[in-house]
$ cat run15.cif   # mmCIF, C-alpha atoms
data_structure
#
loop_
_atom_site.label_atom_id
_atom_site.label_comp_id
_atom_site.auth_asym_id
_atom_site.auth_seq_id
_atom_site.Cartn_x
_atom_site.Cartn_y
_atom_site.Cartn_z
CA MET A 64 0.00 0.00 0.00
CA ALA A 65 1.26 3.47 -0.89
CA GLU A 66 -0.10 7.01 -0.60
CA ILE A 67 -0.36 8.34 -4.14
CA THR A 68 -2.01 11.13 -6.12
CA MET A 69 -5.03 10.79 -8.39
CA LEU A 70 -2.76 11.03 -11.44
CA GLU A 71 -0.65 8.17 -10.14
CA ALA A 72 -3.79 6.16 -9.37
CA VAL A 73 -5.04 6.60 -12.95
CA ASN A 74 -1.66 5.46 -14.26
CA LEU A 75 -1.66 2.51 -11.86
CA ALA A 76 -5.11 1.37 -13.01
CA LEU A 77 -4.15 1.66 -16.67
CA HIS A 78 -0.96 -0.29 -16.07
CA HIS A 79 -2.83 -3.01 -14.17
CA GLU A 80 -5.46 -3.51 -16.88
CA MET A 81 -2.95 -3.46 -19.73
CA ALA A 82 -0.92 -6.15 -17.98
CA ARG A 83 -4.03 -8.20 -17.21
CA ASP A 84 -5.80 -7.92 -20.58
CA PRO A 85 -3.87 -7.74 -23.88
CA ASN A 86 -6.94 -6.26 -25.58
CA VAL A 87 -6.65 -3.02 -23.60
CA VAL A 88 -5.07 -0.26 -25.71
CA ILE A 89 -4.42 3.43 -25.02
CA LEU A 90 -4.76 6.19 -27.60
CA GLY A 91 -4.74 9.96 -27.63
CA GLU A 92 -2.69 13.06 -28.25
CA ASP A 93 0.83 12.77 -26.81
CA VAL A 94 -0.05 9.76 -24.63
CA GLY A 95 3.13 7.92 -25.66
CA ASP A 96 6.51 9.57 -25.20
CA ASN A 97 5.13 12.55 -23.28
CA GLY A 98 2.71 10.59 -21.11
CA GLY A 99 -0.17 12.95 -21.90
CA VAL A 100 -0.62 16.60 -21.06
CA PHE A 101 -0.80 15.80 -17.32
CA ARG A 102 1.50 12.73 -17.46
CA ALA A 103 -1.29 10.26 -16.67
CA THR A 104 0.03 7.71 -19.18
CA VAL A 105 3.73 8.13 -18.50
CA GLY A 106 5.74 4.92 -18.84
CA LEU A 107 3.02 2.88 -20.54
CA LYS A 108 4.51 3.10 -24.02
CA GLN A 109 7.87 1.92 -22.73
CA GLU A 110 6.18 -1.00 -20.94
CA PHE A 111 3.65 -2.12 -23.55
CA GLY A 112 4.95 -0.83 -26.87
CA LEU A 113 3.75 1.17 -29.86
CA LYS A 114 0.93 -1.18 -30.81
CA ARG A 115 -0.85 -0.69 -27.50
CA VAL A 116 -0.03 2.95 -26.67
CA ILE A 117 -0.85 5.00 -29.74
CA ASP A 118 -0.12 8.68 -30.30
CA THR A 119 -2.84 10.19 -32.49
CA PRO A 120 -3.00 13.39 -34.55
CA LEU A 121 -4.52 16.48 -32.92
CA ALA A 122 -7.97 15.45 -34.09
CA GLU A 123 -10.59 14.63 -31.47
CA SER A 124 -13.14 13.50 -34.05
CA LEU A 125 -10.60 10.95 -35.31
CA ILE A 126 -9.92 9.75 -31.75
CA GLY A 127 -13.63 9.19 -31.16
CA GLY A 128 -14.21 7.34 -34.41
CA VAL A 129 -11.13 5.13 -34.21
CA THR A 130 -11.92 4.23 -30.60
CA ILE A 131 -15.41 3.05 -31.52
CA GLY A 132 -14.00 1.03 -34.41
CA MET A 133 -11.49 -0.66 -32.12
CA ALA A 134 -14.18 -1.44 -29.54
CA SER A 135 -16.43 -2.99 -32.17
CA GLN A 136 -13.67 -5.43 -33.15
CA GLY A 137 -12.87 -6.91 -29.75
CA LEU A 138 -10.41 -4.42 -28.28
CA ARG A 139 -10.93 -2.42 -25.10
CA PRO A 140 -9.64 1.04 -26.00
CA VAL A 141 -9.07 3.81 -23.49
CA ALA A 142 -9.05 7.14 -25.33
CA GLU A 143 -7.71 10.32 -23.77
CA PHE A 144 -8.99 13.76 -24.69
CA GLN A 145 -6.56 16.36 -23.39
CA PHE A 146 -9.37 18.44 -21.83
CA GLN A 147 -13.13 17.94 -21.51
CA GLY A 148 -13.67 21.08 -23.58
CA PHE A 149 -11.91 19.39 -26.50
CA VAL A 150 -14.42 16.52 -26.65
CA PHE A 151 -16.96 18.51 -28.69
CA PRO A 152 -15.54 17.63 -32.14
CA ALA A 153 -16.09 13.96 -31.23
CA LEU A 154 -19.69 14.35 -30.01
CA GLU A 155 -21.19 12.96 -33.21
CA HIS A 156 -19.23 9.74 -32.72
CA LEU A 157 -19.96 9.53 -28.99
CA ILE A 158 -23.66 10.39 -29.03
CA CYS A 159 -24.73 8.94 -32.38
CA HIS A 160 -22.58 5.81 -32.43
CA ALA A 161 -20.80 4.78 -29.19
CA ALA A 162 -23.91 5.31 -27.08
CA ARG A 163 -26.21 3.52 -29.56
CA TRP A 164 -24.05 0.61 -30.66
CA ARG A 165 -25.72 -2.00 -28.45
CA ASN A 166 -29.22 -0.80 -29.30
CA ARG A 167 -28.54 -0.42 -33.01
CA THR A 168 -27.25 -3.98 -33.35
CA ARG A 169 -29.90 -5.39 -30.96
CA GLY A 170 -27.14 -6.52 -28.62
CA ARG A 171 -24.94 -8.24 -31.18
CA LEU A 172 -22.21 -5.65 -30.73
CA THR A 173 -21.19 -3.55 -27.76
CA CYS A 174 -18.81 -0.63 -27.34
CA PRO A 175 -16.44 -1.46 -24.44
CA ALA A 176 -14.59 1.86 -24.61
CA VAL A 177 -13.50 4.42 -22.05
CA PHE A 178 -13.19 8.10 -22.93
CA ARG A 179 -11.00 9.87 -20.37
CA ALA A 180 -10.75 13.63 -20.00
CA PRO A 181 -9.50 16.05 -17.33
CA PHE A 182 -12.22 18.59 -16.49
CA GLY A 183 -13.06 21.56 -14.32
CA GLY A 184 -11.46 24.87 -13.44
CA GLY A 185 -9.13 26.10 -10.77
CA ILE A 186 -5.77 25.82 -12.56
CA HIS A 187 -5.79 29.23 -14.31
CA ALA A 188 -6.38 27.71 -17.74
CA PRO A 189 -8.40 29.20 -20.64
CA GLU A 190 -12.10 28.51 -21.07
CA HIS A 191 -12.02 25.34 -23.21
CA HIS A 192 -9.50 23.86 -20.76
CA SER A 193 -11.83 24.42 -17.79
CA GLU A 194 -15.21 23.04 -18.87
CA SER A 195 -17.57 21.17 -16.53
CA VAL A 196 -20.18 19.76 -18.90
CA GLU A 197 -20.89 16.31 -17.47
CA ALA A 198 -24.63 16.92 -17.83
CA ILE A 199 -24.36 16.77 -21.64
CA PHE A 200 -23.17 13.19 -21.46
CA ALA A 201 -25.48 12.20 -18.61
CA HIS A 202 -28.40 13.23 -20.83
CA THR A 203 -27.29 10.77 -23.53
CA PRO A 204 -28.88 7.30 -23.32
CA GLY A 205 -26.25 4.57 -23.56
CA LEU A 206 -23.37 6.43 -21.92
CA LYS A 207 -22.17 5.90 -18.37
CA VAL A 208 -20.60 8.96 -16.73
CA VAL A 209 -18.13 8.62 -13.86
CA ILE A 210 -16.23 11.25 -11.86
CA PRO A 211 -13.77 10.13 -9.15
CA SER A 212 -12.90 12.40 -6.23
CA SER A 213 -9.93 10.57 -4.72
CA PRO A 214 -7.03 8.35 -5.84
CA LYS A 215 -8.68 5.25 -4.35
CA ARG A 216 -11.89 5.80 -6.28
CA ALA A 217 -10.03 6.80 -9.43
CA TYR A 218 -8.22 3.46 -9.35
CA GLY A 219 -11.24 1.29 -8.66
CA LEU A 220 -13.67 3.12 -10.92
CA LEU A 221 -11.25 3.20 -13.86
CA LEU A 222 -10.75 -0.56 -13.57
CA ALA A 223 -14.52 -1.01 -13.67
CA ALA A 224 -14.88 1.39 -16.60
CA ILE A 225 -12.32 -0.52 -18.68
CA ARG A 226 -14.06 -3.82 -17.89
CA SER A 227 -17.51 -2.43 -18.77
CA ASN A 228 -19.06 -3.66 -22.01
CA ASP A 229 -20.65 -0.27 -22.62
CA PRO A 230 -19.00 3.12 -23.19
CA VAL A 231 -17.93 5.12 -20.16
CA MET A 232 -17.14 8.84 -20.02
CA PHE A 233 -14.49 9.05 -17.29
CA PHE A 234 -13.91 12.63 -16.19
CA GLU A 235 -10.99 13.40 -13.86
CA PRO A 236 -11.05 16.63 -11.79
CA LYS A 237 -7.66 18.04 -12.67
CA ARG A 238 -7.70 20.62 -9.88
CA ILE A 239 -7.05 17.79 -7.42
CA TYR A 240 -4.86 15.65 -9.69
CA ARG A 241 -1.82 16.24 -7.48
CA THR A 242 -3.22 17.84 -4.32
CA VAL A 243 -5.29 14.95 -2.93
CA LYS A 244 -3.49 11.77 -1.85
CA SER A 245 -4.68 8.50 -0.38
CA ASP A 246 -3.54 4.93 0.15
CA VAL A 247 -4.19 2.73 -2.87
CA ILE A 248 -3.66 -1.03 -3.02
CA ASP A 249 -2.89 -2.27 -6.52
CA ASN A 250 -5.02 -5.39 -6.14
CA GLY A 251 -7.15 -5.12 -9.27
CA GLU A 252 -10.35 -4.64 -7.26
CA ALA A 253 -12.89 -2.64 -9.23
CA LEU A 254 -15.57 -0.44 -7.68
CA PRO A 255 -19.20 -0.48 -8.87
CA LEU A 256 -20.17 2.07 -11.50
CA ASP A 257 -23.64 2.69 -10.05
CA THR A 258 -22.92 3.55 -6.42
CA CYS A 259 -22.32 6.76 -4.50
CA TYR A 260 -20.20 6.96 -1.35
CA THR A 261 -21.04 8.37 2.05
CA LEU A 262 -17.91 10.19 3.19
CA ARG A 263 -19.23 11.58 6.47
CA LYS A 264 -22.26 10.84 8.64
CA GLY A 265 -24.56 13.61 9.82
CA ARG A 266 -28.03 14.33 11.15
CA ASP A 267 -28.96 17.86 10.00
CA LEU A 268 -28.58 17.90 6.22
CA THR A 269 -27.46 15.77 3.28
CA LEU A 270 -24.76 17.34 1.11
CA VAL A 271 -24.34 15.68 -2.29
CA THR A 272 -21.35 16.60 -4.42
CA TRP A 273 -18.72 15.11 -6.73
CA GLY A 274 -15.31 15.70 -8.25
CA ALA A 275 -13.09 18.44 -6.90
CA CYS A 276 -15.98 20.04 -5.00
CA VAL A 277 -15.67 17.20 -2.49
CA VAL A 278 -12.64 19.03 -1.07
CA GLU A 279 -14.48 22.31 -0.39
CA SER A 280 -17.52 20.40 0.85
CA LEU A 281 -15.56 18.47 3.46
CA ASP A 282 -13.86 21.68 4.58
CA ALA A 283 -17.26 23.35 4.88
CA VAL A 284 -18.86 20.58 6.94
CA ASN A 285 -15.93 20.66 9.35
CA GLU A 286 -16.65 24.37 9.81
CA LEU A 287 -20.37 23.67 10.18
CA SER A 288 -19.66 21.06 12.83
CA LYS A 289 -18.09 23.75 15.00
CA MET A 290 -21.43 25.61 14.73
CA GLY A 291 -23.40 22.56 15.82
CA ILE A 292 -24.60 21.61 12.33
CA GLU A 293 -23.75 18.04 11.35
CA ALA A 294 -23.88 17.37 7.60
CA GLU A 295 -23.84 14.00 5.90
CA VAL A 296 -21.60 14.16 2.82
CA ILE A 297 -22.24 11.95 -0.20
CA ASP A 298 -19.84 11.69 -3.13
CA LEU A 299 -22.09 10.97 -6.12
CA ALA A 300 -19.19 9.46 -8.15
CA SER A 301 -21.52 7.89 -10.73
CA ILE A 302 -23.26 10.71 -12.59
CA LYS A 303 -25.05 8.22 -14.82
CA PRO A 304 -26.57 6.01 -13.50
CA ILE A 305 -27.42 7.86 -10.29
CA ASP A 306 -27.64 5.94 -7.02
CA ILE A 307 -30.71 7.81 -5.77
CA ASN A 308 -31.52 5.17 -3.14
CA THR A 309 -28.46 6.07 -1.02
CA ILE A 310 -29.42 9.74 -1.18
CA ILE A 311 -33.00 9.04 -0.16
CA ALA A 312 -31.82 6.85 2.72
CA SER A 313 -29.75 9.79 3.95
CA LEU A 314 -32.70 12.18 3.62
CA GLU A 315 -34.74 9.88 5.83
CA LYS A 316 -32.37 10.93 8.61
CA THR A 317 -31.69 14.57 7.73
CA GLY A 318 -34.70 15.88 5.79
CA ARG A 319 -32.61 18.54 4.05
CA LEU A 320 -30.74 18.41 0.73
CA LEU A 321 -27.82 20.57 -0.41
CA VAL A 322 -26.23 19.87 -3.81
CA VAL A 323 -22.82 21.30 -4.70
CA HIS A 324 -21.34 21.16 -8.20
CA GLU A 325 -18.93 23.24 -10.25
CA ALA A 326 -20.91 23.09 -13.50
CA SER A 327 -23.43 25.79 -14.39
CA LYS A 328 -26.74 25.65 -12.55
CA THR A 329 -29.31 25.51 -15.38
CA CYS A 330 -30.01 21.91 -16.44
CA GLY A 331 -27.04 20.67 -14.41
CA VAL A 332 -26.89 17.27 -12.71
CA GLY A 333 -28.02 18.95 -9.50
CA ALA A 334 -31.35 19.74 -11.15
CA GLU A 335 -31.81 16.03 -11.90
CA LEU A 336 -31.08 15.14 -8.29
CA LEU A 337 -33.66 17.63 -7.05
CA ALA A 338 -36.20 16.33 -9.56
CA GLN A 339 -35.74 12.70 -8.53
CA VAL A 340 -35.95 13.57 -4.84
CA SER A 341 -39.13 15.57 -5.43
CA GLU A 342 -40.66 12.64 -7.32
CA LYS A 343 -39.64 9.90 -4.89
CA ALA A 344 -39.09 11.50 -1.49
CA MET A 345 -40.78 14.89 -1.30
CA CYS A 346 -42.48 13.91 1.94
CA LEU A 347 -39.10 13.50 3.64
CA LEU A 348 -38.05 17.12 3.11
CA LYS A 349 -38.22 19.63 5.93
CA ALA A 350 -37.07 22.50 3.67
CA PRO A 351 -36.74 23.30 -0.04
CA PRO A 352 -33.46 21.88 -1.43
CA ILE A 353 -30.63 24.28 -2.27
CA ARG A 354 -28.00 24.15 -5.01
CA VAL A 355 -24.55 25.75 -4.81
CA THR A 356 -23.21 25.74 -8.35
CA GLY A 357 -21.09 27.48 -10.93
CA MET A 358 -22.56 30.46 -12.74
CA ASP A 359 -24.56 30.32 -15.97
CA THR A 360 -21.68 31.81 -17.87
CA VAL A 361 -18.52 30.79 -19.66
CA MET A 362 -15.60 30.06 -17.37
CA PRO A 363 -13.75 33.40 -17.07
CA TYR A 364 -10.06 33.90 -17.66
CA TYR A 365 -7.80 33.23 -14.73
CA ARG A 366 -7.88 36.69 -13.10
CA ASN A 367 -11.63 36.32 -12.55
CA GLU A 368 -11.65 32.55 -12.07
CA GLU A 369 -11.94 32.81 -8.29
CA TYR A 370 -15.31 34.56 -8.64
CA PHE A 371 -16.66 31.57 -10.58
CA MET A 372 -15.23 28.80 -8.42
CA ILE A 373 -17.15 27.55 -5.38
CA ASN A 374 -15.44 28.04 -2.05
CA LYS A 375 -15.99 26.79 1.48
CA ASP A 376 -17.84 29.91 2.59
CA ASP A 377 -20.42 29.57 -0.19
CA ILE A 378 -21.29 26.09 1.07
CA VAL A 379 -21.35 27.13 4.73
CA ILE A 380 -23.76 30.01 4.01
CA ALA A 381 -26.10 27.77 2.00
CA ALA A 382 -26.07 25.04 4.67
CA LYS A 383 -26.88 27.50 7.46
CA GLN A 384 -29.73 28.92 5.39
CA LEU A 385 -31.05 25.40 4.79
CA VAL A 386 -30.96 24.45 8.48
CA GLU A 387 -31.54 27.67 10.41
CA GLY A 388 -33.96 29.26 7.97
CA TRP A 389 -36.39 26.34 8.06
CA LYS A 390 -36.52 25.18 11.69
#

$ encode --input "run15.cif" --output "structure tokens"
Amino acid sequence: MAEITMLEAVNLALHHEMARDPNVVILGEDVGDNGGVFRATVGLKQEFGLKRVIDTPLAESLIGGVTIGMASQGLRPVAEFQFQGFVFPALEHLICHAARWRNRTRGRLTCPAVFRAPFGGGIHAPEHHSESVEAIFAHTPGLKVVIPSSPKRAYGLLLAAIRSNDPVMFFEPKRIYRTVKSDVIDNGEALPLDTCYTLRKGRDLTLVTWGACVVESLDAVNELSKMGIEAEVIDLASIKPIDINTIIASLEKTGRLLVVHEASKTCGVGAELLAQVSEKAMCLLKAPPIRVTGMDTVMPYYRNEEYFMINKDDIVIAAKQLVEGWK
């Protein structure tokens, strides 16, 4: 067991699956000699060779199409897009083909492919390098959407994604690539792709979040605890499918729901969570749910980035309003 970063956990999972299954291949821009823009694939080309770690042209549409072709012929490709905001040229392949392959062939063919991409802001990068658009992919039937928040979950969820027989969008919060560390055992144990994780028990409210916002959320609930407010924190992890049963079980104790996500508010995943709770568990709520989200605007350039990003105080204020305003 070793304490490693999320980047190292991603690399460890890729290495494990490539050693275990010769059908696993890696492709993307600069994934070979350079190890990718964030060095997530460093060393894999030297270990597994040119036929299994493939540098592609700077053409995301090509990456999407070739990946689907590989998956249809028995390989298990893991494609890397350098940033989530660069996925858009490949949307036609992802939405119209990867997501529909099983349905279109009535189950004769599947698309066991993983599409990895760093996402989110907080590193002073331009707009297309800082997107948080997981809701686009969650809205697409046939795609699974996964976002890890720690090295341990990055390792286990990536193993499960590679072993899945259906396409998985695997988004890695780059803001915590190197800042969050945890012990990871390289034992090949995958985590389920349809489960969320309770990180902290509480009685007063249920806080649901994912990705890098887990860091600010945990900081906020520690501050709230000093004020006598105990929040239960749930890491959603699987954006599609959503494990709504765990959230409802928490609401049976707390009766209050706070959702925190970096993406824009309108039509975000938080809206889906509120909708499902209102449909299935409205009677459990003691107060109207609250969302703390990014703004309905393009990610600003780095000098104004801090005004867009969610911080601990934003979450503390919303939680106090949720609890103290509706006693």

$ resolve_selection --input "run15.cif" --expression "the PyMOL selection byres ((chain A and resi 119) around 8)" --output "compact mmCIF listing (two decimals) with C-alpha atoms, in the coordinates of the input"
# COMPACT_ATOMS: atom_id res chain seq x y z
CA LEU A 90 -4.76 6.19 -27.60
CA GLY A 91 -4.74 9.96 -27.63
CA GLU A 92 -2.69 13.06 -28.25
CA ASP A 93 0.83 12.77 -26.81
CA ILE A 117 -0.85 5.00 -29.74
CA ASP A 118 -0.12 8.68 -30.30
CA PRO A 120 -3.00 13.39 -34.55
CA LEU A 121 -4.52 16.48 -32.92
CA ALA A 122 -7.97 15.45 -34.09
CA ILE A 126 -9.92 9.75 -31.75

$ closest_residue --input "run15.cif" --among "A:Ser124, A:Thr203, A:Thr168, A:Ser288" --to "Pro304 of chain A" --atoms "all atoms listed in the file"
A:Thr203

$ resolve_selection --input "run15.cif" --expression "the PyMOL selection byres ((chain A and resi 74) around 9)" --output "ChimeraX atom specification"
/A:69-73,75-79,102-107,218

$ resolve_selection --input "run15.cif" --expression "the PyMOL selection byres ((chain A and resi 354) around 9)" --output "ChimeraX atom specification"
/A:320-324,328,333-334,337,352-353,355-356,381

$ atom_distance --input "run15.cif" --atom1 "atom CA of Leu268 of chain A" --atom2 "atom CA of Glu325 of chain A"
19.8 Å

$ closest_residue --input "run15.cif" --among "A:Leu157, A:Gly318, A:Val332, A:Gly95" --to "Leu113 of chain A" --atoms "all atoms listed in the file"
A:Gly95

$ closest_residue --input "run15.cif" --among "A:Cys276, A:Val340, A:Ile158, A:Val243" --to "Ala300 of chain A" --atoms "only C-alpha atoms"
A:Cys276

$ residues_near_point --input "run15.cif" --point "(-32.8, 7.3, -9.6)" --cutoff "9 Å" --atoms "only C-alpha atoms" --output "PDB file with C-alpha atoms, in the coordinates of the input"
ATOM      1  CA  PRO A 304     -26.570   6.010 -13.500  1.00  0.00           C
ATOM      2  CA  ILE A 305     -27.420   7.860 -10.290  1.00  0.00           C
ATOM      3  CA  ASP A 306     -27.640   5.940  -7.020  1.00  0.00           C
ATOM      4  CA  ILE A 307     -30.710   7.810  -5.770  1.00  0.00           C
ATOM      5  CA  ASN A 308     -31.520   5.170  -3.140  1.00  0.00           C
ATOM      6  CA  LEU A 336     -31.080  15.140  -8.290  1.00  0.00           C
ATOM      7  CA  GLN A 339     -35.740  12.700  -8.530  1.00  0.00           C
ATOM      8  CA  VAL A 340     -35.950  13.570  -4.840  1.00  0.00           C
ATOM      9  CA  LYS A 343     -39.640   9.900  -4.890  1.00  0.00           C
TER      10      LYS A 343
END

$ closest_residue --input "run15.cif" --among "A:Val271, A:Gly137, A:Gly128, A:Glu279" --to "Pro152 of chain A" --atoms "all atoms listed in the file"
A:Gly128

$ closest_residue --input "run15.cif" --among "A:Phe178, A:Tyr364, A:Phe200, A:Tyr240" --to "Ala224 of chain A" --atoms "only C-alpha atoms"
A:Phe178

$ atom_distance --input "run15.cif" --atom1 "atom CA of His160 of chain A" --atom2 "atom CA of Arg139 of chain A"
16.0 Å
